[in-house]
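Working notes, structure below.
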Amino acid sequence: MSSPTGEIYRIDWLPGTDVLHGTCHCGREHTSQDPIEMWEWMLAHPQGHEPRGSTS
């Protein structure tokens, strides 16, 4: 299934740990043990993170 906005959010569970690894559609990555915190970080885009290559 494709996203109507073209934005892809990905969260992977790191086997053997309680850690989630998220990748935002802008390419930034984040890890957390809390799934709610992970989604809040992703959905707050662009607040809290800048796209790769950004100089601001």
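Chain labels A, B, ... are given in the sequence in which chains occur in the structure tokens; within each chain residues are numbered consecutively from 1, and ligands are likewise numbered from 1 in the order shown.
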
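Residues surrounding stretch 24-38 of chain A within 7 Å are Glu7, Ile8, Tyr9, Arg10, Asp18, Val19, Leu20, His21, Trp41, Met42, Pro51 and Arg52 of chain A [only C-alpha atoms; sequence separation below 3 positions excluded].
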
Which residues in stretch 15-45 of chain A does DSSP call strand (DSSP E or B)? List them as a list of chain:residue names.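 Of stretch 15-45 of chain A, only A:Leu20, A:His21, A:Gly22, A:Thr23, A:Glu29, A:His30, A:Thr31, A:Ser32 fall in strand (DSSP E or B).
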